[in-house]
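K.L.:
Below is run23.pdb; it holds PDB, C-alpha atoms.
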ATOM      1  CA  MET A 299      12.182 -33.640 -15.478
ATOM      2  CA  CYS A 300      10.283 -30.341 -15.537
ATOM      3  CA  ASN A 301      12.869 -28.195 -17.300
ATOM      4  CA  THR A 302      15.515 -29.360 -19.720
ATOM      5  CA  THR A 303      18.604 -27.492 -20.798
ATOM      6  CA  ALA A 304      20.246 -27.917 -24.191
ATOM      7  CA  GLY A 305      23.202 -25.621 -24.661
ATOM      8  CA  ILE A 306      22.005 -22.107 -23.864
ATOM      9  CA  PHE A 307      18.289 -22.844 -24.158
ATOM     10  CA  GLN A 308      15.943 -24.011 -21.436
ATOM     11  CA  THR A 309      12.576 -25.564 -22.214
ATOM     12  CA  SER A 310       9.661 -26.439 -19.978
ATOM     13  CA  GLN A 311       6.427 -28.390 -20.226
ATOM     14  CA  SER A 312       3.113 -26.624 -20.747
ATOM     15  CA  LEU A 313      -0.522 -27.380 -21.440
ATOM     16  CA  THR A 314      -1.594 -27.605 -25.054
ATOM     17  CA  LEU A 315      -4.470 -25.528 -26.388
ATOM     18  CA  SER A 316      -6.506 -28.710 -26.744
ATOM     19  CA  ALA A 317      -5.900 -29.690 -23.108
ATOM     20  CA  ALA A 318      -6.683 -26.157 -21.895
ATOM     21  CA  ASP A 319      -9.936 -26.124 -23.853
ATOM     22  CA  ALA A 320     -10.907 -29.525 -22.421
ATOM     23  CA  ILE A 321     -10.195 -28.268 -18.876
ATOM     24  CA  ALA A 322     -12.294 -25.130 -19.440
ATOM     25  CA  ASN A 323     -15.168 -27.131 -20.923
ATOM     26  CA  ALA A 324     -15.068 -29.652 -18.056
ATOM     27  CA  SER A 325     -15.181 -26.787 -15.542
ATOM     28  CA  ILE A 326     -18.222 -25.260 -17.212
ATOM     29  CA  THR A 327     -19.944 -28.640 -17.424
ATOM     30  CA  ALA A 328     -19.286 -29.296 -13.725
ATOM     31  CA  VAL A 329     -20.861 -25.969 -12.757
ATOM     32  CA  SER A 330     -23.775 -26.458 -15.162
ATOM     33  CA  ASP A 331     -24.530 -29.847 -13.599
ATOM     34  CA  LEU A 332     -24.989 -28.366 -10.107
ATOM     35  CA  ALA A 333     -28.574 -28.124  -8.840
ATOM     36  CA  THR A 334     -28.148 -24.376  -8.387
ATOM     37  CA  HIS A 335     -25.410 -22.497 -10.142
ATOM     38  CA  LYS A 336     -24.433 -19.043 -11.239
ATOM     39  CA  PRO A 337     -22.685 -18.330 -14.521
ATOM     40  CA  MET A 338     -18.920 -18.187 -14.183
ATOM     41  CA  CYS A 339     -15.763 -17.359 -16.062
ATOM     42  CA  VAL A 340     -12.874 -19.811 -16.396
ATOM     43  CA  THR A 341      -9.310 -18.920 -17.376
ATOM     44  CA  VAL A 342      -6.649 -21.504 -18.260
ATOM     45  CA  LEU A 343      -3.014 -20.405 -18.403
ATOM     46  CA  ASP A 344       0.117 -22.059 -19.766
ATOM     47  CA  SER A 345       3.158 -22.685 -17.563
ATOM     48  CA  ALA A 346       4.473 -19.156 -18.195
ATOM     49  CA  GLY A 347       1.156 -17.530 -17.264
ATOM     50  CA  GLY A 348      -0.114 -16.747 -20.755
ATOM     51  CA  ILE A 349      -3.823 -17.141 -21.441
ATOM     52  CA  LEU A 350      -4.594 -20.260 -23.459
ATOM     53  CA  VAL A 351      -8.372 -20.263 -22.990
ATOM     54  CA  GLN A 352     -10.793 -17.895 -21.304
ATOM     55  CA  LYS A 353     -14.530 -18.600 -21.407
ATOM     56  CA  ARG A 354     -17.599 -16.989 -19.869
ATOM     57  CA  MET A 355     -20.778 -18.967 -19.408
ATOM     58  CA  ASP A 356     -23.949 -17.500 -20.901
ATOM     59  CA  GLY A 357     -25.202 -14.830 -18.537
ATOM     60  CA  CYS A 358     -21.826 -14.212 -16.884
ATOM     61  CA  PRO A 359     -21.096 -10.489 -16.931
ATOM     62  CA  ASP A 360     -17.913  -9.292 -18.587
ATOM     63  CA  GLY A 361     -15.454  -7.383 -16.445
ATOM     64  CA  ALA A 362     -14.821  -8.399 -12.856
ATOM     65  CA  TYR A 363     -15.246 -12.178 -13.207
ATOM     66  CA  VAL A 364     -12.868 -12.270 -16.186
ATOM     67  CA  LYS A 365     -10.200 -10.369 -14.246
ATOM     68  CA  ILE A 366     -10.735 -12.308 -11.026
ATOM     69  CA  SER A 367     -10.501 -15.727 -12.701
ATOM     70  CA  TYR A 368      -7.289 -14.562 -14.392
ATOM     71  CA  ALA A 369      -5.835 -13.311 -11.080
ATOM     72  CA  LYS A 370      -6.660 -16.610  -9.362
ATOM     73  CA  ALA A 371      -4.836 -18.561 -12.090
ATOM     74  CA  ARG A 372      -1.869 -16.122 -12.071
ATOM     75  CA  THR A 373      -1.589 -16.595  -8.298
ATOM     76  CA  CYS A 374      -0.978 -20.286  -8.935
ATOM     77  CA  ILE A 375       1.663 -19.629 -11.592
ATOM     78  CA  HIS A 376       3.528 -17.073  -9.480
ATOM     79  CA  LEU A 377       3.452 -19.013  -6.193
ATOM     80  CA  ARG A 378       3.334 -22.593  -7.543
ATOM     81  CA  THR A 379       0.388 -23.411  -5.285
ATOM     82  CA  SER A 380      -3.379 -22.986  -5.243
ATOM     83  CA  SER A 381      -4.942 -19.625  -4.492
ATOM     84  CA  ARG A 382      -6.758 -21.316  -1.571
ATOM     85  CA  THR A 383      -3.414 -22.393  -0.064
ATOM     86  CA  PHE A 384      -2.144 -18.814  -0.441
ATOM     87  CA  ARG A 385      -5.220 -17.567   1.425
ATOM     88  CA  GLU A 386      -4.928 -20.137   4.201
ATOM     89  CA  LYS A 387      -1.189 -19.549   4.673
ATOM     90  CA  TYR A 388      -1.545 -15.813   5.179
ATOM     91  CA  THR A 389      -5.043 -15.306   6.580
ATOM     92  CA  GLY A 390      -5.961 -18.591   8.263
ATOM     93  CA  SER A 391      -4.240 -17.920  11.579
ATOM     94  CA  GLY A 392      -5.680 -14.448  12.046
ATOM     95  CA  GLU A 393      -2.203 -13.015  12.660
ATOM     96  CA  ALA A 394      -2.036  -9.360  11.648
ATOM     97  CA  ALA A 395       1.564  -9.663  10.427
ATOM     98  CA  LYS A 396       0.691 -12.480   8.006
ATOM     99  CA  PHE A 397      -2.367 -10.619   6.740
ATOM    100  CA  THR A 398      -0.197  -7.545   6.172
ATOM    101  CA  GLN A 399       2.324  -9.671   4.298
ATOM    102  CA  ALA A 400      -0.407 -11.062   2.022
ATOM    103  CA  ALA A 401      -1.766  -7.570   1.371
ATOM    104  CA  SER A 402       1.748  -6.371   0.539
ATOM    105  CA  MET A 403       2.297  -9.275  -1.858
ATOM    106  CA  VAL A 404      -0.962  -8.465  -3.668
ATOM    107  CA  SER A 405       0.013  -4.802  -3.909
ATOM    108  CA  ILE A 406       3.549  -5.485  -5.134
ATOM    109  CA  MET A 407       2.244  -7.872  -7.789
ATOM    110  CA  GLU A 408      -0.258  -5.232  -8.952
ATOM    111  CA  GLY A 409      -3.309  -7.446  -8.594
ATOM    112  CA  GLU A 410      -1.845 -10.624 -10.109
ATOM    113  CA  LEU A 411      -2.104 -12.354  -6.731
ATOM    114  CA  VAL A 412      -5.369 -12.874  -4.920
ATOM    115  CA  PRO A 413      -5.784 -14.819  -1.640
ATOM    116  CA  VAL A 414      -9.151 -16.320  -2.600
ATOM    117  CA  ALA A 415     -10.095 -19.916  -3.413
ATOM    118  CA  GLY A 416     -10.719 -20.727  -7.074
ATOM    119  CA  GLY A 417      -7.241 -21.065  -8.574
ATOM    120  CA  VAL A 418      -5.582 -24.452  -9.063
ATOM    121  CA  LEU A 419      -2.087 -25.255 -10.313
ATOM    122  CA  VAL A 420      -2.142 -27.941 -13.024
ATOM    123  CA  ARG A 421       0.672 -30.476 -12.791
ATOM    124  CA  SER A 422       1.843 -33.174 -15.190
ATOM    125  CA  ALA A 423       1.973 -36.824 -14.154
ATOM    126  CA  ASP A 424       5.587 -36.317 -13.031
ATOM    127  CA  GLY A 425       4.673 -33.288 -10.872
ATOM    128  CA  CYS A 426       5.760 -30.450 -13.146
ATOM    129  CA  ALA A 427       3.674 -27.277 -13.141
ATOM    130  CA  VAL A 428       2.245 -27.100 -16.679
ATOM    131  CA  GLY A 429      -0.440 -24.436 -16.238
ATOM    132  CA  ALA A 430      -3.181 -23.129 -14.002
ATOM    133  CA  ILE A 431      -6.932 -22.654 -13.959
ATOM    134  CA  GLY A 432      -8.916 -19.913 -12.284
ATOM    135  CA  VAL A 433     -12.691 -19.708 -11.927
ATOM    136  CA  SER A 434     -14.927 -16.891 -10.749
ATOM    137  CA  GLY A 435     -18.616 -16.272 -10.747
TER     138      GLY A 435
END
Could you show the structure in this file as structure tokens?
P.N.:
Amino acid sequence: MCNTTAGIFQTSQSLTLSAADAIANASITAVSDLATHKPMCVTVLDSAGGILVQKRMDGCPDGAYVKISYAKARTCIHLRTSSRTFREKYTGSGEAAKFTQAASMVSIMEGELVPVAGGVLVRSADGCAVGAIGVSG
């Protein structure tokens, strides 16, 4: 069960700091192991969208990549899907109305949604959304 209610309080599952750090480190290691790679930023959020871990690889510029990785992860928290799925749903068909809807969603959410691959919703073994990861670089 993803959320439990006890009296007037509701609780939900979330990633631990240790798990978030392990996810961020594994992401950096995976990129570092590629034959050719560029430095990237990784952001790991808890189930409510708060930053647990944010890391930049050596040589990754501060600024845009930090914000973009965060936006990719926030997209997953807000929509409960990957940022790639968001992109494909609204831009894959080439329909102007869907593209306009995606652009409106991004605008309404003040940049916390981005229809670009690189954000993944993290689920527990029983399917509960427990956090998200976003990468950019």
K.L.:
Just want the 8 Å neighbourhood of segment 342-347 of chain A, counted on all atoms listed in the file, with same-chain residues fewer than 6 positions away dropped. Output as an MDAnalysis selection string.
P.N.:
chainID A and resid 310:314 318:319 321:322 368 371:372 375 427:432
K.L.:
What is the distance between atom CA of Asp356 of chain A and atom CA of Ser330 of chain A, in Å to one decimal?
P.N.:
10.6 Å
K.L.:
Return as an MDAnalysis selection string the set of residues that the PyMOL selection byres ((chain A and resi 400) around 12) yields on the displayed structure.
P.N.:
chainID A and resid 373 381 383:390 392:399 401:407 409 411:414
K.L.:
Can you pull out the residues contacting Tyr363 of chain A? Cut-off 9 Å, using all atoms listed in the file, and skip same-chain residues under 2 positions away; I want them as a PyMOL selection string.
P.N.:
chain A and resi 338-340+354+358-361+365-368+433-435
K.L.:
Considering only C-alpha atoms, return as a list of chain:residue names whatever protein or nucleic-acid residues lie within 7 Å of Ser380 of chain A, sequence-local ones (same chain, fewer than 5 positions apart) excluded.
P.N.:
A:Cys374, A:Gly417, A:Val418, A:Leu419
K.L.:
If you keep C-alpha atoms, can you produce a file of those selected residues as a PDB file, keeping the file's coordinate frame?
P.N.:
ATOM      1  CA  CYS A 374      -0.978 -20.286  -8.935  1.00  0.00           C
ATOM      2  CA  GLY A 417      -7.241 -21.065  -8.574  1.00  0.00           C
ATOM      3  CA  VAL A 418      -5.582 -24.452  -9.063  1.00  0.00           C
ATOM      4  CA  LEU A 419      -2.087 -25.255 -10.313  1.00  0.00           C
TER       5      LEU A 419
END
K.L.:
As JSON, please: the centre and edge lengths in Å, to one decimal, of an axis-aligned box enclosing every listed atom of segment 327-330 of chain A with 3 Å added on each side.
P.N.:
{"center_x": -21.5, "center_y": -27.6, "center_z": -15.1, "size_x": 10.5, "size_y": 9.3, "size_z": 10.7}
K.L.:
Could you state the separation of atom CA of Lys353 of chain A and atom CA of Thr334 of chain A in Å, given to one decimal place?
P.N.:
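It comes out at 19.7 Å.
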K.L.:
Identify which of the residues A:Met355, A:Ala369, A:Val364, A:Ile349 lies closest to Val329 of chain A, counting only C-alpha atoms when measuring atom-to-atom distances.
P.N.:
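Going through A:Met355, A:Ala369, A:Val364, A:Ile349 one by one, the smallest distance to Val329 of chain A is for A:Met355.
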K.L.:
To one decimal place in Å, what is the distance between atom CA of Phe307 of chain A and atom CA of Thr379 of chain A?
P.N.:
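Atom CA of Phe307 of chain A sits 26.0 Å away from atom CA of Thr379 of chain A.
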